[in-house]
>>> print(open('final-v1.cif').read())   # mmCIF, C-alpha atoms (C1' of nucleotides)
data_coords
#
loop_
_atom_site.label_atom_id
_atom_site.label_comp_id
_atom_site.auth_asym_id
_atom_site.auth_seq_id
_atom_site.Cartn_x
_atom_site.Cartn_y
_atom_site.Cartn_z
CA MET V 1 139.97 109.29 169.30
CA GLN V 2 141.98 109.91 166.20
CA ILE V 3 145.58 110.80 165.52
CA ASP V 4 146.35 113.18 162.70
CA LEU V 5 146.98 111.26 159.48
CA ASP V 6 150.08 113.26 158.66
CA ILE V 7 151.65 112.22 161.93
CA LEU V 8 150.69 108.60 161.44
CA PHE V 9 152.13 108.40 157.95
CA THR V 10 155.27 110.25 158.99
CA TRP V 11 155.84 107.56 161.57
CA GLY V 12 155.45 104.82 159.01
CA ALA V 13 151.80 103.85 159.24
CA ILE V 14 150.23 102.11 156.27
CA ALA V 15 146.64 102.10 155.10
CA LYS V 16 145.08 98.77 154.32
CA VAL V 17 141.77 97.93 152.69
CA TYR V 18 139.79 95.18 154.37
CA LYS V 19 137.01 93.34 152.59
CA LYS V 20 133.59 92.96 154.13
CA ASN V 21 133.59 90.52 157.04
CA GLU V 22 137.36 90.26 157.10
CA THR V 23 138.84 89.82 160.57
CA ILE V 24 141.31 92.41 161.80
CA PHE V 25 142.36 90.60 164.94
CA PHE V 26 141.14 87.74 167.07
CA GLU V 27 140.25 87.46 170.73
CA GLU V 28 143.23 86.25 172.77
CA GLU V 29 145.68 87.40 170.11
CA MET V 30 148.59 89.56 171.25
CA ALA V 31 148.09 93.26 170.49
CA ASN V 32 150.83 94.52 168.18
CA PHE V 33 149.26 97.31 166.18
CA TYR V 34 147.37 100.53 166.49
CA TYR V 35 144.33 100.74 164.21
CA GLN V 36 142.45 103.79 163.04
CA ILE V 37 139.56 103.77 160.59
CA ILE V 38 139.85 106.07 157.59
CA GLU V 39 136.63 104.89 156.08
CA GLY V 40 134.27 102.07 156.93
CA SER V 41 133.16 100.44 160.15
CA VAL V 42 134.34 97.83 162.59
CA ARG V 43 132.64 95.63 165.13
CA MET V 44 134.27 94.18 168.23
CA PHE V 45 132.58 91.16 169.74
CA ASN V 46 132.90 87.95 171.71
CA SER V 47 131.25 84.71 170.85
CA ASN V 48 130.68 81.81 173.17
CA ASP V 49 130.75 78.08 172.54
CA GLU V 50 127.20 77.98 171.16
CA GLY V 51 127.94 80.75 168.70
CA LYS V 52 126.00 83.36 170.60
CA GLU V 53 127.66 86.72 170.12
CA PHE V 54 128.04 89.78 172.28
CA THR V 55 128.97 93.07 170.64
CA GLN V 56 131.39 95.13 172.71
CA GLY V 57 131.31 98.10 170.37
CA TYR V 58 131.01 99.57 166.90
CA PHE V 59 133.58 101.97 165.50
CA SER V 60 133.50 104.01 162.32
CA ASN V 61 135.09 106.81 160.31
CA GLY V 62 137.95 108.49 162.10
CA GLN V 63 137.84 106.34 165.21
CA SER V 64 140.59 104.19 166.60
CA PHE V 65 139.90 100.88 168.30
CA GLY V 66 141.65 98.10 170.15
CA GLU V 67 144.15 100.41 171.84
CA PRO V 68 143.81 99.48 175.53
CA PRO V 69 145.84 96.26 175.28
CA LEU V 70 148.69 98.20 173.65
CA PHE V 71 149.27 100.14 176.84
CA ILE V 72 149.51 97.09 179.02
CA ASP V 73 151.06 94.32 176.89
CA GLU V 74 147.87 92.37 176.84
CA VAL V 75 145.90 90.23 174.43
CA TYR V 76 142.70 91.42 172.81
CA PRO V 77 139.60 90.72 174.89
CA SER V 78 137.46 90.52 171.73
CA THR V 79 137.56 89.84 168.02
CA ALA V 80 137.34 92.70 165.50
CA ILE V 81 135.85 92.39 162.03
CA VAL V 82 134.95 94.98 159.40
CA CYS V 83 131.23 95.34 158.67
CA GLN V 84 131.77 96.70 155.18
CA GLU V 85 134.77 97.24 152.94
CA SER V 86 136.95 99.55 155.00
CA LYS V 87 140.19 101.45 154.74
CA ILE V 88 142.12 101.23 157.96
CA ILE V 89 145.42 102.65 159.13
CA LYS V 90 147.82 100.31 160.86
CA LEU V 91 150.84 101.31 162.91
CA SER V 92 153.18 99.15 164.94
CA LYS V 93 152.81 99.19 168.70
CA ASP V 94 156.33 100.54 169.27
CA LYS V 95 155.85 103.49 167.00
CA PHE V 96 152.43 104.15 168.48
CA LEU V 97 153.80 104.28 171.99
CA LYS V 98 156.55 106.60 170.82
CA ILE V 99 153.98 108.95 169.33
CA ILE V 100 152.13 108.93 172.63
CA ASP V 101 155.31 109.90 174.44
CA GLU V 102 156.21 112.52 171.89
CA TYR V 103 152.88 114.35 171.84
CA PRO V 104 151.42 115.02 175.28
CA GLN V 105 148.19 116.41 173.82
CA ILE V 106 147.63 113.12 172.06
CA GLN V 107 148.23 111.20 175.24
CA ARG V 108 145.78 113.46 176.95
CA LYS V 109 143.16 112.77 174.31
CA PHE V 110 143.58 109.06 174.77
CA LEU V 111 143.01 109.49 178.46
CA LYS V 112 139.70 111.11 177.61
CA THR V 113 138.81 108.43 175.11
CA LEU V 114 139.46 105.65 177.55
CA ALA V 115 137.53 107.49 180.26
CA ILE V 116 134.52 107.74 177.95
CA ARG V 117 134.70 104.07 177.15
CA ILE V 118 134.91 103.05 180.78
CA ASN V 119 131.86 105.13 181.52
CA SER V 120 129.90 103.59 178.73
CA LYS V 121 130.95 100.07 179.69
CA ALA V 122 129.93 100.73 183.27
CA LYS V 123 126.54 101.86 182.04
CA THR V 124 126.15 98.84 179.81
CA ALA V 125 127.02 96.46 182.61
CA LYS V 126 124.54 98.15 184.89
CA ASP V 127 121.76 97.95 182.34
CA ILE V 128 122.42 94.36 181.41
CA ILE V 129 122.35 93.21 185.00
CA ASN V 130 119.11 95.02 185.46
CA GLN V 131 117.52 92.08 183.63
CA LYS V 132 114.22 93.06 181.97
CA PRO V 133 114.65 92.80 178.20
CA GLU V 134 112.69 95.96 177.54
CA PHE V 135 114.93 97.89 179.88
CA ARG V 136 118.08 96.64 178.18
CA ILE V 137 116.74 97.49 174.76
CA ILE V 138 115.64 100.97 175.74
CA SER V 139 119.01 101.75 177.21
CA PHE V 140 120.66 100.53 174.03
CA LEU V 141 118.34 102.71 171.96
CA ASN V 142 119.17 105.71 174.13
CA SER V 143 122.87 105.07 173.75
CA ILE V 144 122.68 105.30 169.97
CA LYS V 145 120.05 108.01 169.59
CA LYS V 146 121.47 111.24 168.20
CA ASN V 147 118.91 113.72 169.48
CA SER V 148 117.43 113.19 172.89
CA ASP V 149 113.95 114.40 172.09
CA PRO V 150 111.52 111.52 172.60
CA LEU V 151 109.00 113.16 170.29
CA GLN V 152 111.37 113.35 167.38
CA LYS V 153 111.77 109.72 166.42
CA GLU V 154 114.64 108.54 164.27
CA LEU V 155 115.30 105.37 162.34
CA VAL V 156 117.19 102.73 164.30
CA PRO V 157 119.90 101.61 161.88
CA PHE V 158 120.31 98.10 163.28
CA THR V 159 118.75 94.76 162.48
CA ARG V 160 116.98 92.91 165.26
CA GLN V 161 119.79 90.38 165.30
CA GLU V 162 122.33 93.14 165.82
CA ILE V 163 120.32 94.57 168.68
CA ALA V 164 120.11 91.08 170.15
CA ASN V 165 123.91 90.83 170.03
CA PHE V 166 124.27 94.18 171.74
CA THR V 167 121.87 93.39 174.52
CA GLY V 168 122.68 89.73 175.02
CA LEU V 169 119.14 88.69 174.15
CA ARG V 170 117.80 86.41 171.44
CA VAL V 171 116.31 87.67 168.18
CA GLU V 172 112.86 86.36 168.96
CA THR V 173 112.87 88.11 172.31
CA VAL V 174 113.94 91.37 170.70
CA ILE V 175 111.16 91.07 168.15
CA ARG V 176 108.52 90.39 170.76
CA VAL V 177 109.67 93.28 172.93
CA PHE V 178 109.54 95.65 169.98
CA SER V 179 106.02 94.49 169.13
CA LYS V 180 104.94 95.34 172.64
CA MET V 181 106.77 98.66 172.57
CA ASN V 182 105.02 99.43 169.32
CA GLU V 183 101.62 98.88 170.92
CA CYS V 184 102.57 101.13 173.84
CA LYS V 185 103.76 103.78 171.38
CA LYS V 186 107.28 103.64 172.78
CA VAL V 187 108.58 103.04 169.28
CA ASP V 188 107.07 103.25 165.82
CA ILE V 189 107.40 100.35 163.44
CA ILE V 190 106.77 101.16 159.81
CA LYS V 191 107.42 98.54 157.15
CA HIS V 192 109.44 96.56 159.71
CA LYS V 193 111.68 99.52 160.28
CA ILE V 194 112.03 100.75 163.82
CA TYR V 195 111.81 104.40 164.78
CA TYR V 196 112.77 105.62 168.24
CA MET T 197 146.98 103.64 190.25
CA GLN T 198 148.33 105.85 192.97
CA ILE T 199 149.90 109.25 193.09
CA ASP T 200 152.74 109.86 195.52
CA LEU T 201 151.37 111.16 198.80
CA ASP T 202 153.98 113.94 199.00
CA ILE T 203 152.80 115.30 195.70
CA LEU T 204 149.17 115.07 196.69
CA PHE T 205 149.68 116.91 199.97
CA THR T 206 151.87 119.51 198.32
CA TRP T 207 149.00 120.30 196.01
CA GLY T 208 146.60 120.70 198.86
CA ALA T 209 145.00 117.30 199.22
CA ILE T 210 143.41 116.39 202.53
CA ALA T 211 142.92 113.02 204.14
CA LYS T 212 139.50 112.19 205.48
CA VAL T 213 138.33 109.29 207.60
CA TYR T 214 135.07 107.69 206.51
CA LYS T 215 133.04 105.51 208.80
CA LYS T 216 131.90 102.07 207.77
CA ASN T 217 129.13 102.20 205.14
CA GLU T 218 129.52 105.92 204.65
CA THR T 219 128.89 107.09 201.10
CA ILE T 220 131.68 108.89 199.27
CA PHE T 221 129.70 109.92 196.24
CA PHE T 222 126.41 109.05 194.61
CA GLU T 223 125.51 107.83 191.17
CA GLU T 224 124.59 110.75 188.88
CA GLU T 225 126.48 113.20 191.08
CA MET T 226 128.93 115.51 189.34
CA ALA T 227 132.56 114.43 189.75
CA ASN T 228 134.55 117.12 191.55
CA PHE T 229 137.27 115.28 193.42
CA TYR T 230 140.05 112.81 193.00
CA TYR T 231 140.02 110.04 195.63
CA GLN T 232 142.84 107.75 196.70
CA ILE T 233 142.63 105.21 199.49
CA ILE T 234 145.32 105.37 202.15
CA GLU T 235 143.79 102.61 204.16
CA GLY T 236 140.53 100.74 203.93
CA SER T 237 138.34 99.61 201.07
CA VAL T 238 135.67 100.99 198.82
CA ARG T 239 132.92 99.47 196.77
CA MET T 240 131.37 101.00 193.68
CA PHE T 241 127.93 99.76 192.72
CA ASN T 242 124.59 100.45 191.09
CA SER T 243 121.25 99.54 192.50
CA ASN T 244 118.02 99.25 190.60
CA ASP T 245 114.46 100.08 191.61
CA GLU T 246 113.93 96.79 193.42
CA GLY T 247 117.08 97.27 195.46
CA LYS T 248 119.06 94.67 193.55
CA GLU T 249 122.68 95.73 193.44
CA PHE T 250 125.46 95.31 190.93
CA THR T 251 129.03 95.78 192.08
CA GLN T 252 131.20 97.53 189.52
CA GLY T 253 134.39 97.16 191.51
CA TYR T 254 136.24 96.96 194.81
CA PHE T 255 139.20 99.16 195.60
CA SER T 256 141.59 99.05 198.52
CA ASN T 257 144.87 100.29 200.01
CA GLY T 258 146.77 102.59 197.70
CA GLN T 259 144.25 102.55 194.88
CA SER T 260 142.45 105.49 193.40
CA PHE T 261 138.87 105.26 192.16
CA GLY T 262 136.22 107.27 190.39
CA GLU T 263 138.70 109.11 188.16
CA PRO T 264 137.25 108.56 184.68
CA PRO T 265 134.49 111.16 185.01
CA LEU T 266 137.09 113.74 186.04
CA PHE T 267 138.66 113.62 182.62
CA ILE T 268 135.44 114.20 180.75
CA ASP T 269 133.29 116.45 182.94
CA GLU T 270 130.83 113.70 183.62
CA VAL T 271 128.71 112.44 186.47
CA TYR T 272 129.53 109.27 188.37
CA PRO T 273 128.05 106.15 186.79
CA SER T 274 127.88 104.43 190.20
CA THR T 275 127.73 105.05 193.92
CA ALA T 276 130.81 104.57 196.12
CA ILE T 277 130.70 103.54 199.76
CA VAL T 278 133.41 102.46 202.19
CA CYS T 279 133.22 98.84 203.35
CA GLN T 280 135.08 99.48 206.58
CA GLU T 281 136.40 102.55 208.34
CA SER T 282 138.78 104.03 205.77
CA LYS T 283 141.22 106.87 205.41
CA ILE T 284 140.92 108.45 202.00
CA ILE T 285 142.73 111.28 200.28
CA LYS T 286 140.63 113.88 198.53
CA LEU T 287 141.87 116.43 196.00
CA SER T 288 139.90 118.89 193.93
CA LYS T 289 139.39 118.12 190.27
CA ASP T 290 141.23 121.26 189.12
CA LYS T 291 144.33 120.48 191.11
CA PHE T 292 144.21 116.85 190.02
CA LEU T 293 144.11 117.79 186.36
CA LYS T 294 147.00 120.17 186.91
CA ILE T 295 149.06 117.39 188.44
CA ILE T 296 148.29 115.24 185.44
CA ASP T 297 149.55 117.97 183.15
CA GLU T 298 152.57 118.64 185.26
CA TYR T 299 153.82 115.07 185.55
CA PRO T 300 153.77 113.13 182.28
CA GLN T 301 154.76 109.89 183.99
CA ILE T 302 151.67 110.13 186.14
CA GLN T 303 149.50 110.74 183.14
CA ARG T 304 151.07 107.75 181.52
CA LYS T 305 150.29 105.59 184.52
CA PHE T 306 146.68 106.64 184.43
CA LEU T 307 146.52 105.61 180.82
CA LYS T 308 147.63 102.17 181.91
CA THR T 309 145.19 102.05 184.78
CA LEU T 310 142.27 102.94 182.58
CA ALA T 311 143.39 100.43 179.96
CA ILE T 312 143.42 97.69 182.59
CA ARG T 313 139.96 98.63 183.76
CA ILE T 314 138.53 98.65 180.25
CA ASN T 315 139.94 95.20 179.71
CA SER T 316 138.45 93.87 182.87
CA LYS T 317 135.09 95.45 182.17
CA ALA T 318 135.10 93.95 178.70
CA LYS T 319 135.76 90.55 180.23
CA THR T 320 133.03 90.97 182.81
CA ALA T 321 130.49 91.97 180.18
CA LYS T 322 131.44 88.99 178.07
CA ASP T 323 131.07 86.58 180.96
CA ILE T 324 127.80 87.99 182.16
CA ILE T 325 126.22 87.75 178.75
CA ASN T 326 127.38 84.18 178.55
CA GLN T 327 124.48 83.39 180.89
CA LYS T 328 125.11 80.16 182.82
CA PRO T 329 125.39 81.06 186.52
CA GLU T 330 128.22 78.62 187.11
CA PHE T 331 130.20 80.20 184.31
CA ARG T 332 129.72 83.68 185.72
CA ILE T 333 130.74 82.59 189.16
CA ILE T 334 133.85 80.77 188.00
CA SER T 335 134.99 83.77 186.03
CA PHE T 336 134.45 85.94 189.09
CA LEU T 337 136.46 83.51 191.21
CA ASN T 338 139.26 83.54 188.67
CA SER T 339 139.32 87.31 188.62
CA ILE T 340 139.96 87.51 192.34
CA LYS T 341 142.21 84.49 192.79
CA LYS T 342 145.77 85.44 193.64
CA ASN T 343 147.63 82.36 192.47
CA SER T 344 146.44 80.64 189.34
CA ASP T 345 147.15 77.10 190.45
CA PRO T 346 143.87 75.18 190.58
CA LEU T 347 145.35 72.68 193.02
CA GLN T 348 146.26 75.30 195.55
CA LYS T 349 142.90 76.44 196.80
CA GLU T 350 142.47 79.68 198.67
CA LEU T 351 139.72 81.13 200.82
CA VAL T 352 137.21 83.22 198.90
CA PRO T 353 136.84 86.34 201.06
CA PHE T 354 133.31 87.22 199.99
CA THR T 355 129.89 86.39 201.29
CA ARG T 356 127.44 84.68 198.97
CA GLN T 357 125.45 87.88 198.82
CA GLU T 358 128.50 89.81 197.71
CA ILE T 359 129.22 87.27 195.00
CA ALA T 360 125.59 87.55 193.92
CA ASN T 361 126.00 91.31 193.59
CA PHE T 362 129.13 90.88 191.51
CA THR T 363 127.60 88.38 189.15
CA GLY T 364 124.11 89.78 188.94
CA LEU T 365 122.59 86.62 190.37
CA ARG T 366 120.47 86.00 193.45
CA VAL T 367 121.87 84.67 196.71
CA GLU T 368 119.92 81.44 196.51
CA THR T 369 121.21 80.78 193.04
CA VAL T 370 124.77 81.42 194.15
CA ILE T 371 124.32 79.03 197.07
CA ARG T 372 122.91 76.28 194.88
CA VAL T 373 125.65 76.65 192.31
CA PHE T 374 128.30 76.41 195.00
CA SER T 375 126.68 73.27 196.40
CA LYS T 376 126.92 71.67 192.99
CA MET T 377 130.48 72.86 192.49
CA ASN T 378 131.32 71.37 195.84
CA GLU T 379 130.03 67.97 194.75
CA CYS T 380 132.02 68.19 191.52
CA LYS T 381 135.11 69.14 193.54
CA LYS T 382 135.40 72.43 191.71
CA VAL T 383 135.45 74.20 195.06
CA ASP T 384 135.82 73.08 198.65
CA ILE T 385 133.34 74.19 201.24
CA ILE T 386 134.45 73.82 204.83
CA LYS T 387 132.32 75.21 207.61
CA HIS T 388 130.41 77.27 205.03
CA LYS T 389 133.61 78.87 203.90
CA ILE T 390 134.45 78.60 200.22
CA TYR T 391 137.89 77.62 198.96
CA TYR T 392 138.82 77.97 195.30
"C1'" DC A 393 122.93 84.24 225.58
"C1'" DG A 394 120.51 87.33 222.71
"C1'" DG A 395 120.91 89.54 218.44
"C1'" DT A 396 122.59 90.01 213.88
"C1'" DT A 397 124.22 88.52 209.81
"C1'" DC A 398 124.78 84.91 206.78
"C1'" DC A 399 123.56 80.47 204.90
"C1'" DT A 400 120.21 76.84 203.39
"C1'" DT A 401 116.24 74.44 201.53
"C1'" DG A 402 111.85 73.71 199.20
"C1'" DA A 403 107.93 74.79 196.39
"C1'" DG A 404 106.02 77.45 192.81
"C1'" DG A 405 105.88 80.59 189.10
"C1'" DA A 406 107.45 83.79 185.45
"C1'" DT A 407 110.15 84.45 181.67
"C1'" DG A 408 113.37 84.19 178.27
"C1'" DA A 409 115.58 80.51 175.34
"C1'" DT A 410 114.88 77.07 172.01
"C1'" DC A 411 113.04 74.84 168.04
"C1'" DA A 412 110.56 74.84 163.96
"C1'" DA A 413 108.21 76.78 160.32
"C1'" DC A 414 106.80 80.39 157.54
"C1'" DG A 415 106.43 85.34 155.58
"C1'" DA A 416 108.41 89.65 153.56
"C1'" DG A 417 111.58 92.38 151.22
"C1'" DG A 418 115.34 93.46 148.19
"C1'" DG A 419 118.60 92.39 144.84
"C1'" DT A 420 120.26 89.81 140.74
"C1'" DG A 421 120.33 87.56 136.47
"C1'" DG A 422 117.81 85.47 132.81
"C1'" DC D 423 109.25 91.48 134.16
"C1'" DC D 424 109.63 87.32 136.50
"C1'" DA D 425 111.95 83.71 139.13
"C1'" DC D 426 115.09 82.82 142.41
"C1'" DC D 427 117.80 83.48 146.38
"C1'" DC D 428 119.22 85.35 150.57
"C1'" DT D 429 118.69 87.90 154.48
"C1'" DC D 430 115.68 89.49 157.84
"C1'" DG D 431 111.46 89.40 160.34
"C1'" DT D 432 107.51 86.85 162.65
"C1'" DT D 433 104.79 83.53 165.25
"C1'" DG D 434 103.51 79.70 168.27
"C1'" DA D 435 104.51 75.89 171.30
"C1'" DT D 436 107.38 73.90 174.62
"C1'" DC D 437 111.07 73.76 177.93
"C1'" DA D 438 114.65 74.83 181.21
"C1'" DT D 439 116.14 77.87 184.35
"C1'" DC D 440 116.55 81.30 187.50
"C1'" DC D 441 113.82 84.26 190.55
"C1'" DT D 442 110.62 84.73 194.29
"C1'" DC D 443 108.80 83.91 198.61
"C1'" DA D 444 108.87 81.84 202.94
"C1'" DA D 445 110.82 79.63 206.69
"C1'" DG D 446 114.27 77.94 209.39
"C1'" DG D 447 119.30 76.81 210.75
"C1'" DA D 448 124.27 78.02 211.66
"C1'" DA D 449 127.93 80.98 212.89
"C1'" DC D 450 129.65 84.87 215.08
"C1'" DC D 451 130.10 88.72 218.37
"C1'" DG D 452 129.30 91.71 222.11
#
>>> encode(input="final-v1.cif", output="structure tokens")
Amino acid sequence: MQIDLDILFTWGAIAKVYKKNETIFFEEEMANFYYQIIEGSVRMFNSNDEGKEFTQGYFSNGQSFGEPPLFIDEVYPSTAIVCQESKIIKLSKDKFLKIIDEYPQIQRKFLKTLAIRINSKAKTAKDIINQKPEFRIISFLNSIKKNSDPLQKELVPFTRQEIANFTGLRVETVIRVFSKMNECKKVDIIKHKIYY
Amino acid sequence: MQIDLDILFTWGAIAKVYKKNETIFFEEEMANFYYQIIEGSVRMFNSNDEGKEFTQGYFSNGQSFGEPPLFIDEVYPSTAIVCQESKIIKLSKDKFLKIIDEYPQIQRKFLKTLAIRINSKAKTAKDIINQKPEFRIISFLNSIKKNSDPLQKELVPFTRQEIANFTGLRVETVIRVFSKMNECKKVDIIKHKIYY
DNA sequence: CGGTTCCTTGAGGATGATCAACGAGGGTGG
DNA sequence: CCACCCTCGTTGATCATCCTCAAGGAACCG
């Protein structure tokens, strides 16, 4: 989902540049701003006591993130950091909610956005419960694959650690599963790069 | 979220009685109706090849369910069945979307509802990844507990199997965890009933 | 009181996590 | 061009844990 930049700036939004690995907001922090990425990418994740991380989602150019808590006066369920230097628009919660009220089409688009996210979270939950590391990894690969043709393999633009964080597995497990999948021709691995 | 019954009936909704364990819609089925429970309760879940189930959510009196796919022309990510004889309102997708357009306050409420669900799904995902059966179970117990006072224990109205389905664990594991939690006084078990 | 559903326990096994160590690649500065 | 560093990938051994399977007990309901 993205709101037109003209509208955002008219309502007093500011653009801020975040350095690589800078945190935008923390888990449990009250939600006070609407964020929309002009350029760059953002990762939302949770980490547990032992430092193990779980990635809730990646967001990039043009996308907004962290909006749900704004609608319900809640805290953020996850932490958000930028993966690379990023330019991000920031608008106060009040103004954001006013925009929503003012422009019904925008509200409608948010409804769609949230519906999409619920669907994808439902899918993720289902696949994670399903145990079986290979199953989890395949469903992650499917979720990021652009074309759906199994014959036309594309580069998987994630490190094994990142995939581990997405699937809730450990790096070593991810590596071993990929080795097996390579043997079974389910993926190609060329120079350590994964193609699916 | 619930829409006023007068409005629903005015727009041609009908109420239908479902028998216990009857299926309302299946996973992967196209979403064509809006459903709202007048009386009864509904469970949405996925099951994998080996018959292991994962419960995505329970819904009861007054609540609507299965709306997200309506907004985005999608199929249902899970199956919905009634847990007990239930009276449920059914309205066609077209009419539902018209109501949404017609009444901005209703649209706004749906935005809130979806935001709440995203938050709770994010939490669930986080807790499930966190491994540790006891941790998963406690977070499930917290999510259903009415009062938040740990001293004032209340009956947990779910069977061990149901809790297993919610947490993605096996019955035996759930039972063993509860036995331990009983010893540590984290829960009370009286006549096999669990109090938390 | 018979049947059904739910709960319980034990033994055994599979599997993913953990720990530790090393290899490969890419980029940077001398 | 080489040396160094840093991140990422890889491998093997060991361990803890949850699942599986099997069998039996308890509660509840008509």
>>> resolve_selection(input="final-v1.cif", expression="the PyMOL selection byres ((chain T) within 10 of (chain V))", output="PyMOL selection string")
chain T and resi 241-246+248-252+263-274+296-297+300-301+303-327+361-365
>>> resolve_selection(input="final-v1.cif", expression="the PyMOL selection byres ((chain A) within 9 of (chain T))", output="list of chain:residue names")
A:DC398, A:DC399, A:DT400
>>> write_last_selection(input="final-v1.cif", atoms="C-alpha atoms (C1' of nucleotides)", output="compact mmCIF listing (two decimals), in the frame of the given file")
# COMPACT_ATOMS: atom_id res chain seq x y z
C1' DC A 398 124.78 84.91 206.78
C1' DC A 399 123.56 80.47 204.90
C1' DT A 400 120.21 76.84 203.39
>>> closest_residue(input="final-v1.cif", among="D:DC451, D:DT442, D:DC423, D:DT436", to="chain T", atoms="only C-alpha atoms (C1' of nucleotides)")
D:DT442
>>> resolve_selection(input="final-v1.cif", expression="the PyMOL selection byres ((chain D) within 9 of (chain T))", output="list in words")
DC440, DC441 and DA449 of chain D
>>> write_last_selection(input="final-v1.cif", atoms="C-alpha atoms (C1' of nucleotides)", output="mmCIF file, in the coordinates of the input")
data_model
loop_
_atom_site.group_PDB
_atom_site.id
_atom_site.type_symbol
_atom_site.label_atom_id
_atom_site.label_comp_id
_atom_site.auth_asym_id
_atom_site.auth_seq_id
_atom_site.Cartn_x
_atom_site.Cartn_y
_atom_site.Cartn_z
ATOM 1 C "C1'" DC D 440 116.550 81.300 187.500
ATOM 2 C "C1'" DC D 441 113.820 84.260 190.550
ATOM 3 C "C1'" DA D 449 127.930 80.980 212.890
#
>>> atom_distance(input="final-v1.cif", atom1="atom CA of Phe354 of chain T", atom2="atom CA of Ile220 of chain T")
21.7 Å
>>> axis_aligned_box(input="final-v1.cif", around="segment 330-349 of chain T", padding_each_side="5 Å", output="AutoDock Vina command-line options")
--center_x 137.9 --center_y 80.1 --center_z 190.6 --size_x 29.4 --size_y 24.8 --size_z 22.5
>>> residues_around(input="final-v1.cif", residues="DA435 of chain D", least_positions_apart="6", cutoff="12 Å", atoms="only C-alpha atoms (C1' of nucleotides)", output="JSON list (two decimals) with C-alpha atoms (C1' of nucleotides), in the coordinates of the input")
[["chain", "number", "residue", "atom", "x", "y", "z"],
["A", 410, "DT", "C1'", 114.88, 77.07, 172.01],
["A", 411, "DC", "C1'", 113.04, 74.84, 168.04],
["A", 412, "DA", "C1'", 110.56, 74.84, 163.96],
["A", 413, "DA", "C1'", 108.21, 76.78, 160.32]]
>>> atom_distance(input="final-v1.cif", atom1="atom CA of Ser41 of chain V", atom2="atom CA of Gly66 of chain V")
13.3 Å
>>> atom_distance(input="final-v1.cif", atom1="atom C1' of DG417 of chain A", atom2="atom CA of Ile190 of chain V")
13.2 Å
>>> residues_around(input="final-v1.cif", residues="Gln84 of chain V", least_positions_apart="2", cutoff="6 Å", atoms="all atoms listed in the file", output="CSV table (one decimal) with C-alpha atoms, in the frame of the given file")
chain,number,residue,atom,x,y,z
V,20,LYS,CA,133.6,93.0,154.1
V,82,VAL,CA,135.0,95.0,159.4
V,86,SER,CA,137.0,99.6,155.0
>>> build_atoms(input="final-v1.cif", residues="segment 272-284 of chain T", atoms="N, CA and C atoms", output="mmCIF file, keeping the file's coordinate frame")
data_model
loop_
_atom_site.group_PDB
_atom_site.id
_atom_site.type_symbol
_atom_site.label_atom_id
_atom_site.label_comp_id
_atom_site.auth_asym_id
_atom_site.auth_seq_id
_atom_site.Cartn_x
_atom_site.Cartn_y
_atom_site.Cartn_z
ATOM 1 N N TYR T 272 129.127 110.621 188.018
ATOM 2 C CA TYR T 272 129.530 109.270 188.370
ATOM 3 C C TYR T 272 128.507 108.257 187.869
ATOM 4 N N PRO T 273 128.982 107.176 187.270
ATOM 5 C CA PRO T 273 128.050 106.150 186.790
ATOM 6 C C PRO T 273 127.582 105.237 187.928
ATOM 7 N N SER T 274 128.248 105.304 189.084
ATOM 8 C CA SER T 274 127.880 104.430 190.200
ATOM 9 C C SER T 274 128.067 105.155 191.523
ATOM 10 N N THR T 275 127.570 104.540 192.563
ATOM 11 C CA THR T 275 127.730 105.050 193.920
ATOM 12 C C THR T 275 128.947 104.387 194.554
ATOM 13 N N ALA T 276 129.662 105.138 195.421
ATOM 14 C CA ALA T 276 130.810 104.570 196.120
ATOM 15 C C ALA T 276 130.609 104.645 197.623
ATOM 16 N N ILE T 277 130.766 103.515 198.299
ATOM 17 C CA ILE T 277 130.700 103.540 199.760
ATOM 18 C C ILE T 277 131.921 102.823 200.326
ATOM 19 N N VAL T 278 132.271 103.144 201.573
ATOM 20 C CA VAL T 278 133.410 102.460 202.190
ATOM 21 C C VAL T 278 132.888 101.202 202.893
ATOM 22 N N CYS T 279 133.656 100.126 202.788
ATOM 23 C CA CYS T 279 133.220 98.840 203.350
ATOM 24 C C CYS T 279 133.603 98.717 204.811
ATOM 25 N N GLN T 280 134.581 99.498 205.211
ATOM 26 C CA GLN T 280 135.080 99.480 206.580
ATOM 27 C C GLN T 280 135.637 100.881 206.824
ATOM 28 N N GLU T 281 135.850 101.216 208.079
ATOM 29 C CA GLU T 281 136.400 102.550 208.340
ATOM 30 C C GLU T 281 137.651 102.735 207.471
ATOM 31 N N SER T 282 137.703 103.855 206.747
ATOM 32 C CA SER T 282 138.780 104.030 205.770
ATOM 33 C C SER T 282 139.312 105.458 205.773
ATOM 34 N N LYS T 283 140.616 105.553 205.526
ATOM 35 C CA LYS T 283 141.220 106.870 205.410
ATOM 36 C C LYS T 283 141.479 107.125 203.927
ATOM 37 N N ILE T 284 140.886 108.196 203.438
ATOM 38 C CA ILE T 284 140.920 108.450 202.000
ATOM 39 C C ILE T 284 141.344 109.868 201.680
#
